[in-house]
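These notes are about the structure you will find just below.
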Amino acid sequence: MTIKINSISPDKRGACPAEFSFGETFSDHMFIQQFTPEKRWHNQQIYPYQPLSLDPSAAVLHYSQEIFEGLKAYRRANGSVNLFRPQENVRRFNRSAKRMVMPEVDEILHLEAIKSLVYLDQDWVPHQQGSSLYIRPTMIATSPKLGLGASRNYSHFIITGPAGNYFKGGLTPIPVFVADEYRRAVKGGVGEAKTGGNYAASLFASEEVIKLGYSQVLWLDAVEGKYIEEVGAMNICFVYEGEQIVTPELSGSILPGITRDSILKLAPTLGYEVSEQRLDIEVILADITRGKITEVFGCGTAAVISPLGKLGFKGKEYVINGNETGDVATKLYDELTGIQYGTREDKFDWVVSV
Ligand SMILES: Cc1ncc(COP(=O)(O)O)c(C=O)c1O
């Protein structure tokens with residue numbers, strides 16, 4: 001399979017603007033390929049970023065049969081560009097595809113498409129500290145049919161765009177509301193797949209908590225409303241006594257984050273103990289009150305590490321580490337971003353250069 005490249009001539013290309021926020025500006029080109037049961041994946045092309053043409057009855061628009069991914073390209077000081085664990089993203093993409101009854105993509109072709117796209121639009125990889133080129137692979141069900149069932153046809157496309165800090169405050173702690181009424185995903189459902197419905201399901205509570213002065217929702221399990229799952233679109237870690245990092249075990253309704261996995265592997269090399277456990281919200285709040293939990297942070301590709309300054313639950317507020325950014329979050333942030341931007345040793349061979 002070869003990718004046909006229809007590039008915009010260099011003098012007509014756009015340029016990465018000096019200022020941008022997350023996910024609102026897109027670079028010059030996109031990748032796309034189509035799937036039909038007869039031809040399988042075919043028509044691999046890179047062409048100028050443009051609107052898709054979809055039948056109004058396309059299955060994705062009605063029954064949300066879609067999946068996506070999120071990863072980044074980082075500018076090194078010497079001008080070259082790094083990807084971080086992109087193979088993990090494509091594996092998760094294919095696991096999501098399976099769960100959503102969609103055809104898997106060829107891993108090598110998908111990575112080749114990402115590399116070609118980033119190489120072609122390399123001028124869009126920002127130079128500013130902490131910024132990157134966000135890469136959004138997506139697959140949608142395109143068959144024009146309203147009868148409920150898996151689509152026959154699909155489009156797989158990849159777009160990219162410059163990204164600054166996901167949260168405007170960067171490593172500044174955020175206030176988080178523990179959802180006692182609403183749930184994001186349920187075990188046996190599609191929580192561990194990266195599919196739009198999970199995010200649509202989270203919007204109502206996310207908007208409500210902003211009105212209350214919080215910036216994200218901490219999600220509890222949907223069966224008992226007792227066990228901690230994720231925070232916003234991030235996994236969550238608790239630090240005990242400045243030494244032990246504990247994160248909820250993967251339950252089927254939690255997205256298995258690549259940043260989470262990287263922390264579980266990296267933290268022991270920095271002298272921290274790590275474990276994955278079922279975490280009861282009442283126990284966690286008691287441990288915050290007793291000062292046993294010294295830091296809490298979210299982790300994910302978009303924000304890398306985001307400290308939590310306080311938790312609101314059932315009318316009470318629990319302040320963490322005096323609402324300050326802690327040492328563990330800072331060390332992990334420095335180590336992870338150091339590997340991503342090529343300023344620290346890549347002990348695990350995670351970086352792929354474009
Ligand atoms: C719901 C959810 N949880 C966790 C994560 C973190 O995953 P990763 O570290 O792979 O970005 C994400 C982001 O992709 C997410 O959307």
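Naming scheme: A, B, ... for chains in displayed order of the structure tokens; residues 1 onward per chain; ligands 1 onward as shown.
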
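If you count only C-alpha atoms and ignore residues fewer than 3 places along the chain from Ile3 in chain A, what sits within 12 Å of it is Asn6, Ser7, Met30, Phe31, Ile32, Gln33, Trp41, His42, Asn43, Gln44, Gln45, Ile46, Tyr47, Ile108, Leu109, His110, Leu111, Glu112, Ala113, Ile114, Lys115, Ser116 and Leu117 of chain A.
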
Residues as selected, N, CA and C atoms, written as an mmCIF file, in the first residue's frame, can you do that?
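Wrote it out as result_27.cif, contents follow:
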```cif
data_model
loop_
_atom_site.group_PDB
_atom_site.id
_atom_site.type_symbol
_atom_site.label_atom_id
_atom_site.label_comp_id
_atom_site.auth_asym_id
_atom_site.auth_seq_id
_atom_site.Cartn_x
_atom_site.Cartn_y
_atom_site.Cartn_z
ATOM 1 N N ASN A 6 -0.613 14.438 -2.459
ATOM 2 C CA ASN A 6 -1.011 15.595 -3.276
ATOM 3 C C ASN A 6 -0.752 16.834 -2.417
ATOM 4 N N SER A 7 0.460 17.351 -2.511
ATOM 5 C CA SER A 7 0.795 18.418 -1.562
ATOM 6 C C SER A 7 0.510 19.799 -2.147
ATOM 7 N N MET A 30 -3.929 16.613 5.258
ATOM 8 C CA MET A 30 -4.554 15.527 6.010
ATOM 9 C C MET A 30 -4.355 14.213 5.267
ATOM 10 N N PHE A 31 -4.433 13.107 6.023
ATOM 11 C CA PHE A 31 -4.380 11.775 5.408
ATOM 12 C C PHE A 31 -5.786 11.211 5.401
ATOM 13 N N ILE A 32 -6.099 10.429 4.371
ATOM 14 C CA ILE A 32 -7.397 9.727 4.373
ATOM 15 C C ILE A 32 -7.289 8.416 3.606
ATOM 16 N N GLN A 33 -8.013 7.400 4.056
ATOM 17 C CA GLN A 33 -8.188 6.174 3.259
ATOM 18 C C GLN A 33 -9.611 5.672 3.499
ATOM 19 N N TRP A 41 -9.154 -1.760 2.936
ATOM 20 C CA TRP A 41 -8.663 -0.373 2.969
ATOM 21 C C TRP A 41 -8.007 -0.027 1.637
ATOM 22 N N HIS A 42 -8.358 1.104 1.078
ATOM 23 C CA HIS A 42 -7.811 1.494 -0.222
ATOM 24 C C HIS A 42 -7.819 3.017 -0.346
ATOM 25 N N ASN A 43 -7.260 3.472 -1.451
ATOM 26 C CA ASN A 43 -7.252 4.908 -1.791
ATOM 27 C C ASN A 43 -6.570 5.755 -0.702
ATOM 28 N N GLN A 44 -5.333 5.339 -0.343
ATOM 29 C CA GLN A 44 -4.585 6.062 0.691
ATOM 30 C C GLN A 44 -4.026 7.359 0.091
ATOM 31 N N GLN A 45 -4.391 8.470 0.672
ATOM 32 C CA GLN A 45 -3.927 9.748 0.112
ATOM 33 C C GLN A 45 -3.642 10.770 1.210
ATOM 34 N N ILE A 46 -2.681 11.643 0.898
ATOM 35 C CA ILE A 46 -2.514 12.857 1.710
ATOM 36 C C ILE A 46 -2.886 13.989 0.778
ATOM 37 N N TYR A 47 -3.780 14.848 1.241
ATOM 38 C CA TYR A 47 -4.136 16.003 0.409
ATOM 39 C C TYR A 47 -4.446 17.218 1.284
ATOM 40 N N ILE A 108 1.487 -0.468 10.304
ATOM 41 C CA ILE A 108 2.655 0.145 9.642
ATOM 42 C C ILE A 108 2.204 1.298 8.751
ATOM 43 N N LEU A 109 1.112 1.080 8.024
ATOM 44 C CA LEU A 109 0.617 2.150 7.147
ATOM 45 C C LEU A 109 0.166 3.368 7.958
ATOM 46 N N HIS A 110 -0.509 3.109 9.065
ATOM 47 C CA HIS A 110 -1.002 4.197 9.916
ATOM 48 C C HIS A 110 0.188 5.037 10.423
ATOM 49 N N LEU A 111 1.246 4.356 10.860
ATOM 50 C CA LEU A 111 2.424 5.091 11.349
ATOM 51 C C LEU A 111 3.119 5.825 10.215
ATOM 52 N N GLU A 112 3.145 5.188 9.061
ATOM 53 C CA GLU A 112 3.745 5.810 7.881
ATOM 54 C C GLU A 112 2.959 7.085 7.514
ATOM 55 N N ALA A 113 1.636 6.990 7.609
ATOM 56 C CA ALA A 113 0.786 8.147 7.286
ATOM 57 C C ALA A 113 1.084 9.293 8.260
ATOM 58 N N ILE A 114 1.235 8.962 9.549
ATOM 59 C CA ILE A 114 1.530 10.003 10.550
ATOM 60 C C ILE A 114 2.881 10.639 10.250
ATOM 61 N N LYS A 115 3.861 9.794 9.990
ATOM 62 C CA LYS A 115 5.211 10.330 9.747
ATOM 63 C C LYS A 115 5.222 11.193 8.488
ATOM 64 N N SER A 116 4.578 10.723 7.414
ATOM 65 C CA SER A 116 4.570 11.490 6.154
ATOM 66 C C SER A 116 3.884 12.839 6.360
ATOM 67 N N LEU A 117 2.774 12.791 7.092
ATOM 68 C CA LEU A 117 2.002 14.012 7.316
ATOM 69 C C LEU A 117 2.809 15.022 8.141
#
```

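Near Gly189 in chain A, within 12 Å and counting only C-alpha atoms, sit Ser96, Arg99, Met100, Arg183, Thr195, Gly197, Asn198, Asp221, Ala222, Val223, Ser251, Gly252, Ser253, Ile254 and Leu255 of chain A, not including residues fewer than 6 positions from it in the same chain.
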
**Study point:** Surroundings of ligand 1 up to 9 Å, based on only C-alpha atoms and all ligand atoms, as an NGL selection string
**Key:** :A and (69-71 or 88-89 or 92 or 184 or 191-195 or 198-199 or 229-236 or 254-262 or 298-304)

Dump of N, CA and C atoms for the selected residues, as an mmCIF file, in the first residue's frame:
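result.cif was written with the following content:
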```cif
data_model
loop_
_atom_site.group_PDB
_atom_site.id
_atom_site.type_symbol
_atom_site.label_atom_id
_atom_site.label_comp_id
_atom_site.auth_asym_id
_atom_site.auth_seq_id
_atom_site.Cartn_x
_atom_site.Cartn_y
_atom_site.Cartn_z
ATOM 1 N N GLU A 69 -7.952 8.933 18.156
ATOM 2 C CA GLU A 69 -6.731 8.847 18.957
ATOM 3 C C GLU A 69 -6.167 10.248 19.139
ATOM 4 N N GLY A 70 -5.180 10.381 20.006
ATOM 5 C CA GLY A 70 -4.522 11.673 20.198
ATOM 6 C C GLY A 70 -3.073 11.447 20.568
ATOM 7 N N LEU A 71 -2.174 11.983 19.777
ATOM 8 C CA LEU A 71 -0.746 11.913 20.108
ATOM 9 C C LEU A 71 -0.095 13.191 19.614
ATOM 10 N N GLU A 88 1.899 2.614 20.422
ATOM 11 C CA GLU A 88 0.869 2.357 21.446
ATOM 12 C C GLU A 88 -0.461 2.974 21.030
ATOM 13 N N ASN A 89 -0.380 4.138 20.390
ATOM 14 C CA ASN A 89 -1.619 4.787 19.948
ATOM 15 C C ASN A 89 -2.324 3.980 18.867
ATOM 16 N N ARG A 92 -3.939 0.972 20.399
ATOM 17 C CA ARG A 92 -5.197 1.321 21.088
ATOM 18 C C ARG A 92 -6.289 1.643 20.068
ATOM 19 N N ARG A 184 -19.607 8.606 33.566
ATOM 20 C CA ARG A 184 -19.029 8.706 32.214
ATOM 21 C C ARG A 184 -19.198 7.409 31.427
ATOM 22 N N GLY A 191 -16.210 2.298 27.767
ATOM 23 C CA GLY A 191 -15.327 3.260 28.431
ATOM 24 C C GLY A 191 -13.865 3.093 28.097
ATOM 25 N N GLU A 192 -13.440 1.828 27.852
ATOM 26 C CA GLU A 192 -12.010 1.642 27.579
ATOM 27 C C GLU A 192 -11.691 1.839 26.098
ATOM 28 N N ALA A 193 -12.708 2.120 25.284
ATOM 29 C CA ALA A 193 -12.458 2.451 23.869
ATOM 30 C C ALA A 193 -12.443 3.967 23.729
ATOM 31 N N LYS A 194 -11.648 4.450 22.780
ATOM 32 C CA LYS A 194 -11.610 5.905 22.592
ATOM 33 C C LYS A 194 -12.639 6.225 21.510
ATOM 34 N N THR A 195 -13.869 6.361 21.952
ATOM 35 C CA THR A 195 -14.987 6.582 21.036
ATOM 36 C C THR A 195 -15.807 7.779 21.511
ATOM 37 N N ASN A 198 -18.378 8.353 24.651
ATOM 38 C CA ASN A 198 -17.919 8.529 26.042
ATOM 39 C C ASN A 198 -17.742 10.006 26.364
ATOM 40 N N TYR A 199 -17.288 10.739 25.377
ATOM 41 C CA TYR A 199 -16.995 12.161 25.590
ATOM 42 C C TYR A 199 -18.296 12.960 25.564
ATOM 43 N N GLU A 229 -12.346 6.534 38.882
ATOM 44 C CA GLU A 229 -11.981 6.081 37.537
ATOM 45 C C GLU A 229 -11.009 7.053 36.863
ATOM 46 N N GLU A 230 -11.501 8.221 36.436
ATOM 47 C CA GLU A 230 -10.636 9.144 35.680
ATOM 48 C C GLU A 230 -10.989 10.575 36.060
ATOM 49 N N VAL A 231 -10.194 11.513 35.577
ATOM 50 C CA VAL A 231 -10.505 12.929 35.799
ATOM 51 C C VAL A 231 -10.524 13.624 34.433
ATOM 52 N N GLY A 232 -11.722 14.130 34.058
ATOM 53 C CA GLY A 232 -11.866 14.732 32.730
ATOM 54 C C GLY A 232 -11.441 13.719 31.688
ATOM 55 N N ALA A 233 -10.584 14.129 30.758
ATOM 56 C CA ALA A 233 -10.050 13.189 29.758
ATOM 57 C C ALA A 233 -8.618 12.828 30.139
ATOM 58 N N MET A 234 -8.432 12.519 31.427
ATOM 59 C CA MET A 234 -7.105 12.123 31.904
ATOM 60 C C MET A 234 -7.250 10.954 32.879
ATOM 61 N N ASN A 235 -6.209 10.155 32.998
ATOM 62 C CA ASN A 235 -6.130 9.189 34.101
ATOM 63 C C ASN A 235 -5.707 9.957 35.348
ATOM 64 N N ILE A 236 -5.787 9.286 36.499
ATOM 65 C CA ILE A 236 -5.511 10.009 37.744
ATOM 66 C C ILE A 236 -4.515 9.230 38.609
ATOM 67 N N ILE A 254 -12.290 2.393 32.148
ATOM 68 C CA ILE A 254 -11.248 3.430 32.180
ATOM 69 C C ILE A 254 -10.449 3.344 30.886
ATOM 70 N N LEU A 255 -10.108 4.493 30.306
ATOM 71 C CA LEU A 255 -9.254 4.452 29.117
ATOM 72 C C LEU A 255 -7.819 4.133 29.547
ATOM 73 N N PRO A 256 -7.215 3.100 28.958
ATOM 74 C CA PRO A 256 -5.821 2.780 29.323
ATOM 75 C C PRO A 256 -4.867 3.807 28.702
ATOM 76 N N GLY A 257 -4.542 4.827 29.461
ATOM 77 C CA GLY A 257 -3.751 5.943 28.933
ATOM 78 C C GLY A 257 -2.296 5.565 28.702
ATOM 79 N N ILE A 258 -1.728 6.143 27.680
ATOM 80 C CA ILE A 258 -0.317 5.885 27.371
ATOM 81 C C ILE A 258 0.567 6.699 28.327
ATOM 82 N N THR A 259 0.106 7.857 28.757
ATOM 83 C CA THR A 259 0.847 8.627 29.761
ATOM 84 C C THR A 259 0.827 7.877 31.087
ATOM 85 N N ARG A 260 -0.334 7.333 31.438
ATOM 86 C CA ARG A 260 -0.458 6.517 32.670
ATOM 87 C C ARG A 260 0.536 5.364 32.632
ATOM 88 N N ASP A 261 0.565 4.664 31.515
ATOM 89 C CA ASP A 261 1.485 3.524 31.385
ATOM 90 C C ASP A 261 2.945 4.003 31.463
ATOM 91 N N SER A 262 3.214 5.156 30.868
ATOM 92 C CA SER A 262 4.592 5.684 30.888
ATOM 93 C C SER A 262 4.998 6.029 32.324
ATOM 94 N N GLY A 298 -3.692 14.554 37.379
ATOM 95 C CA GLY A 298 -4.209 13.884 36.195
ATOM 96 C C GLY A 298 -3.059 13.717 35.215
ATOM 97 N N CYS A 299 -3.182 12.727 34.319
ATOM 98 C CA CYS A 299 -2.127 12.551 33.312
ATOM 99 C C CYS A 299 -2.737 12.126 31.983
ATOM 100 N N GLY A 300 -2.209 12.701 30.925
ATOM 101 C CA GLY A 300 -2.694 12.375 29.583
ATOM 102 C C GLY A 300 -1.867 13.117 28.548
ATOM 103 N N THR A 301 -1.989 12.718 27.317
ATOM 104 C CA THR A 301 -1.185 13.319 26.246
ATOM 105 C C THR A 301 -1.376 14.835 26.169
ATOM 106 N N ALA A 302 -2.620 15.282 26.250
ATOM 107 C CA ALA A 302 -2.893 16.702 26.027
ATOM 108 C C ALA A 302 -2.240 17.574 27.094
ATOM 109 N N ALA A 303 -2.462 17.241 28.378
ATOM 110 C CA ALA A 303 -1.951 18.099 29.456
ATOM 111 C C ALA A 303 -0.631 17.597 30.035
ATOM 112 N N VAL A 304 -0.207 16.405 29.702
ATOM 113 C CA VAL A 304 0.949 15.672 30.270
ATOM 114 C C VAL A 304 0.645 15.342 31.747
#
```

Point to revise | For Arg91 in chain A, the nearest of the candidates A:Tyr74, A:Trp219, A:Phe177, A:Phe68, counting only C-alpha atoms | key: A:Phe68

Check your understanding: Can you list, as a count of residues only, every protein, DNA or RNA residue that comes within 10 Å of Glu335 in chain A when you count only C-alpha atoms, leaving out same-chain residues fewer than 5 positions away?
Key -> 12

**Study point:** Selection near range 347-354 of chain A, 7 Å with only C-alpha atoms, sequence-local residues under 5 positions removed, as a ChimeraX atom specification
**Key:** /A:81-85,115,119,340

Would you mind exporting the chosen residues as a short mmCIF file (atom, residue, chain, number, x, y, z; two decimals), in the first residue's frame, restricted to N, CA and C atoms?
```
data_model
loop_
_atom_site.label_atom_id
_atom_site.label_comp_id
_atom_site.auth_asym_id
_atom_site.auth_seq_id
_atom_site.Cartn_x
_atom_site.Cartn_y
_atom_site.Cartn_z
N VAL A 81 12.14 16.39 14.68
CA VAL A 81 10.82 16.21 15.30
C VAL A 81 10.68 14.78 15.83
N ASN A 82 10.15 14.66 17.05
CA ASN A 82 9.95 13.37 17.72
C ASN A 82 8.47 13.03 17.83
N LEU A 83 8.17 11.73 17.74
CA LEU A 83 6.86 11.23 18.16
C LEU A 83 7.10 10.46 19.46
N PHE A 84 6.06 10.32 20.29
CA PHE A 84 6.20 9.61 21.56
C PHE A 84 5.30 8.37 21.56
N ARG A 85 5.90 7.20 21.58
CA ARG A 85 5.19 5.91 21.65
C ARG A 85 4.03 5.80 20.66
N LYS A 115 3.86 9.79 9.99
CA LYS A 115 5.21 10.33 9.75
C LYS A 115 5.22 11.19 8.49
N TYR A 119 6.02 15.08 8.50
CA TYR A 119 7.20 15.52 7.72
C TYR A 119 6.79 16.62 6.74
N GLN A 340 10.24 13.46 25.72
CA GLN A 340 9.48 13.79 24.51
C GLN A 340 10.23 14.81 23.64
#
```

Practice item. Can you check which residues of range 145-317 of chain A DSSP gives as strand (DSSP E or B) on the backbone and send them as number ranges by chain? Key: A: 154-163, 174-178, 216-220, 227-231, 234-240, 244-248, 273-277, 280, 293-300, 304-313, 316-317

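The nearest approach to Val239 in chain A among the residues A:Gly271, A:Gly161, A:Gly326, A:Gly149, with only C-alpha atoms taken into account, belongs to A:Gly326.
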
Point to revise | Close residues, range 51-65 of chain A itself excluded, 12 Å, only C-alpha atoms, min 5 positions apart in chain, as a ChimeraX atom specification | key: /A:26,29-32,96-103,138-157,159,190,193-201

Could you save those same residues with N, CA and C atoms as a CSV table (one decimal), in the first residue's frame?
```
chain,number,residue,atom,x,y,z
A,26,PHE,N,-5.6,24.1,12.3
A,26,PHE,CA,-5.1,22.9,11.7
A,26,PHE,C,-4.1,23.1,10.6
A,29,HIS,N,-2.2,19.8,5.6
A,29,HIS,CA,-2.5,18.6,4.9
A,29,HIS,C,-3.3,17.6,5.9
A,30,MET,N,-3.9,16.6,5.3
A,30,MET,CA,-4.6,15.5,6.0
A,30,MET,C,-4.4,14.2,5.3
A,31,PHE,N,-4.4,13.1,6.0
A,31,PHE,CA,-4.4,11.8,5.4
A,31,PHE,C,-5.8,11.2,5.4
A,32,ILE,N,-6.1,10.4,4.4
A,32,ILE,CA,-7.4,9.7,4.4
A,32,ILE,C,-7.3,8.4,3.6
A,96,SER,N,-9.8,-0.1,20.0
A,96,SER,CA,-11.1,0.6,19.9
A,96,SER,C,-11.9,0.2,18.7
A,97,ALA,N,-11.2,0.0,17.6
A,97,ALA,CA,-11.9,-0.4,16.3
A,97,ALA,C,-12.7,-1.7,16.6
A,98,LYS,N,-12.0,-2.7,17.2
A,98,LYS,CA,-12.6,-4.0,17.4
A,98,LYS,C,-13.8,-3.9,18.3
A,99,ARG,N,-13.7,-3.0,19.3
A,99,ARG,CA,-14.8,-2.9,20.3
A,99,ARG,C,-16.0,-2.2,19.6
A,100,MET,N,-15.7,-1.3,18.6
A,100,MET,CA,-16.8,-0.6,17.9
A,100,MET,C,-17.2,-1.3,16.6
A,101,VAL,N,-16.8,-2.5,16.4
A,101,VAL,CA,-17.1,-3.3,15.2
A,101,VAL,C,-16.7,-2.6,14.0
A,102,MET,N,-15.5,-2.1,14.0
A,102,MET,CA,-14.9,-1.4,12.8
A,102,MET,C,-13.7,-2.1,12.4
A,103,PRO,N,-13.3,-1.9,11.1
A,103,PRO,CA,-12.1,-2.7,10.6
A,103,PRO,C,-10.8,-2.1,11.2
A,138,THR,N,-8.6,9.4,13.2
A,138,THR,CA,-10.1,9.2,13.4
A,138,THR,C,-10.6,8.1,12.5
A,139,MET,N,-11.6,7.4,12.9
A,139,MET,CA,-12.3,6.5,11.9
A,139,MET,C,-13.8,6.7,12.1
A,140,ILE,N,-14.5,6.8,11.0
A,140,ILE,CA,-15.9,7.0,11.0
A,140,ILE,C,-16.7,6.1,10.1
A,141,ALA,N,-17.9,5.7,10.5
A,141,ALA,CA,-18.7,4.8,9.7
A,141,ALA,C,-19.5,5.7,8.7
A,142,THR,N,-19.3,5.3,7.4
A,142,THR,CA,-19.8,6.2,6.4
A,142,THR,C,-21.0,5.6,5.6
A,143,SER,N,-21.4,4.4,5.8
A,143,SER,CA,-22.5,3.8,5.0
A,143,SER,C,-23.7,4.6,5.2
A,144,PRO,N,-24.4,4.9,4.1
A,144,PRO,CA,-25.7,5.7,4.2
A,144,PRO,C,-26.8,4.7,4.6
A,145,LYS,N,-27.0,4.5,5.9
A,145,LYS,CA,-28.1,3.7,6.3
A,145,LYS,C,-28.6,4.0,7.7
A,146,LEU,N,-29.9,4.0,7.9
A,146,LEU,CA,-30.4,4.3,9.2
A,146,LEU,C,-30.8,3.1,10.0
A,147,GLY,N,-30.8,1.9,9.3
A,147,GLY,CA,-31.1,0.7,10.0
A,147,GLY,C,-30.0,0.4,11.0
A,148,LEU,N,-30.3,0.1,12.3
A,148,LEU,CA,-29.2,0.0,13.2
A,148,LEU,C,-28.4,-1.3,13.0
A,149,GLY,N,-27.1,-1.1,12.9
A,149,GLY,CA,-26.2,-2.2,12.6
A,149,GLY,C,-24.8,-1.7,12.2
A,150,ALA,N,-23.8,-2.5,12.3
A,150,ALA,CA,-22.5,-2.0,11.9
A,150,ALA,C,-22.5,-1.5,10.4
A,151,SER,N,-21.8,-0.4,10.2
A,151,SER,CA,-21.6,0.1,8.9
A,151,SER,C,-20.8,-0.9,8.0
A,152,ARG,N,-21.0,-0.8,6.7
A,152,ARG,CA,-20.2,-1.5,5.8
A,152,ARG,C,-18.9,-0.7,5.4
A,153,ASN,N,-19.1,0.6,5.3
A,153,ASN,CA,-18.0,1.4,4.8
A,153,ASN,C,-17.5,2.4,5.8
A,154,TYR,N,-16.2,2.7,5.7
A,154,TYR,CA,-15.6,3.5,6.7
A,154,TYR,C,-14.5,4.5,6.1
A,155,SER,N,-14.3,5.6,6.7
A,155,SER,CA,-13.2,6.5,6.4
A,155,SER,C,-12.2,6.6,7.6
A,156,HIS,N,-11.0,6.5,7.3
A,156,HIS,CA,-9.9,6.7,8.3
A,156,HIS,C,-9.2,7.9,7.9
A,157,PHE,N,-9.1,8.9,8.8
A,157,PHE,CA,-8.4,10.1,8.4
A,157,PHE,C,-7.5,10.6,9.6
A,159,ILE,N,-5.7,14.2,11.0
A,159,ILE,CA,-5.5,15.7,10.9
A,159,ILE,C,-4.5,16.1,12.0
A,190,VAL,N,-18.4,0.9,26.8
A,190,VAL,CA,-17.3,1.2,25.8
A,190,VAL,C,-16.2,2.2,26.4
A,193,ALA,N,-12.7,2.1,25.3
A,193,ALA,CA,-12.5,2.5,23.9
A,193,ALA,C,-12.4,4.0,23.7
A,194,LYS,N,-11.6,4.5,22.8
A,194,LYS,CA,-11.6,5.9,22.6
A,194,LYS,C,-12.6,6.2,21.5
A,195,THR,N,-13.9,6.4,22.0
A,195,THR,CA,-15.0,6.6,21.0
A,195,THR,C,-15.8,7.8,21.5
A,196,GLY,N,-16.3,8.5,20.5
A,196,GLY,CA,-16.9,9.8,20.8
A,196,GLY,C,-18.0,9.8,21.9
A,197,GLY,N,-18.8,8.7,21.9
A,197,GLY,CA,-19.9,8.7,22.8
A,197,GLY,C,-19.6,8.9,24.3
A,198,ASN,N,-18.4,8.4,24.7
A,198,ASN,CA,-17.9,8.5,26.0
A,198,ASN,C,-17.7,10.0,26.4
A,199,TYR,N,-17.3,10.7,25.4
A,199,TYR,CA,-17.0,12.2,25.6
A,199,TYR,C,-18.3,13.0,25.6
A,200,ALA,N,-19.2,12.6,24.7
A,200,ALA,CA,-20.5,13.2,24.6
A,200,ALA,C,-21.2,13.0,26.0
A,201,ALA,N,-21.1,11.8,26.5
A,201,ALA,CA,-21.7,11.5,27.8
A,201,ALA,C,-21.2,12.3,29.0
```

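The nearest approach to Glu295 in chain A among the residues A:Leu311, A:Cys237, A:Leu336, A:Ile158, with only C-alpha atoms taken into account, belongs to A:Cys237.
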
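The environment of Glu19 in chain A within 12 Å, counting only C-alpha atoms and disregarding residues fewer than 5 places along the same chain, consists of Glu24, Thr25, Trp124, Pro126, His127, Gln128, Ser131, Pro162, Ala163, Gly164 and Asn165 of chain A.
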
Point to revise | Residue with smallest distance to Leu308 in chain A - pool A:Glu324, A:Asp334, A:Asp11, A:Asp28, counting only C-alpha atoms | key: A:Glu324

Review point. Range 119-275 of chain A: which residues are helix (DSSP H, G or I) by DSSP, as a count of residues only?
Key: 34
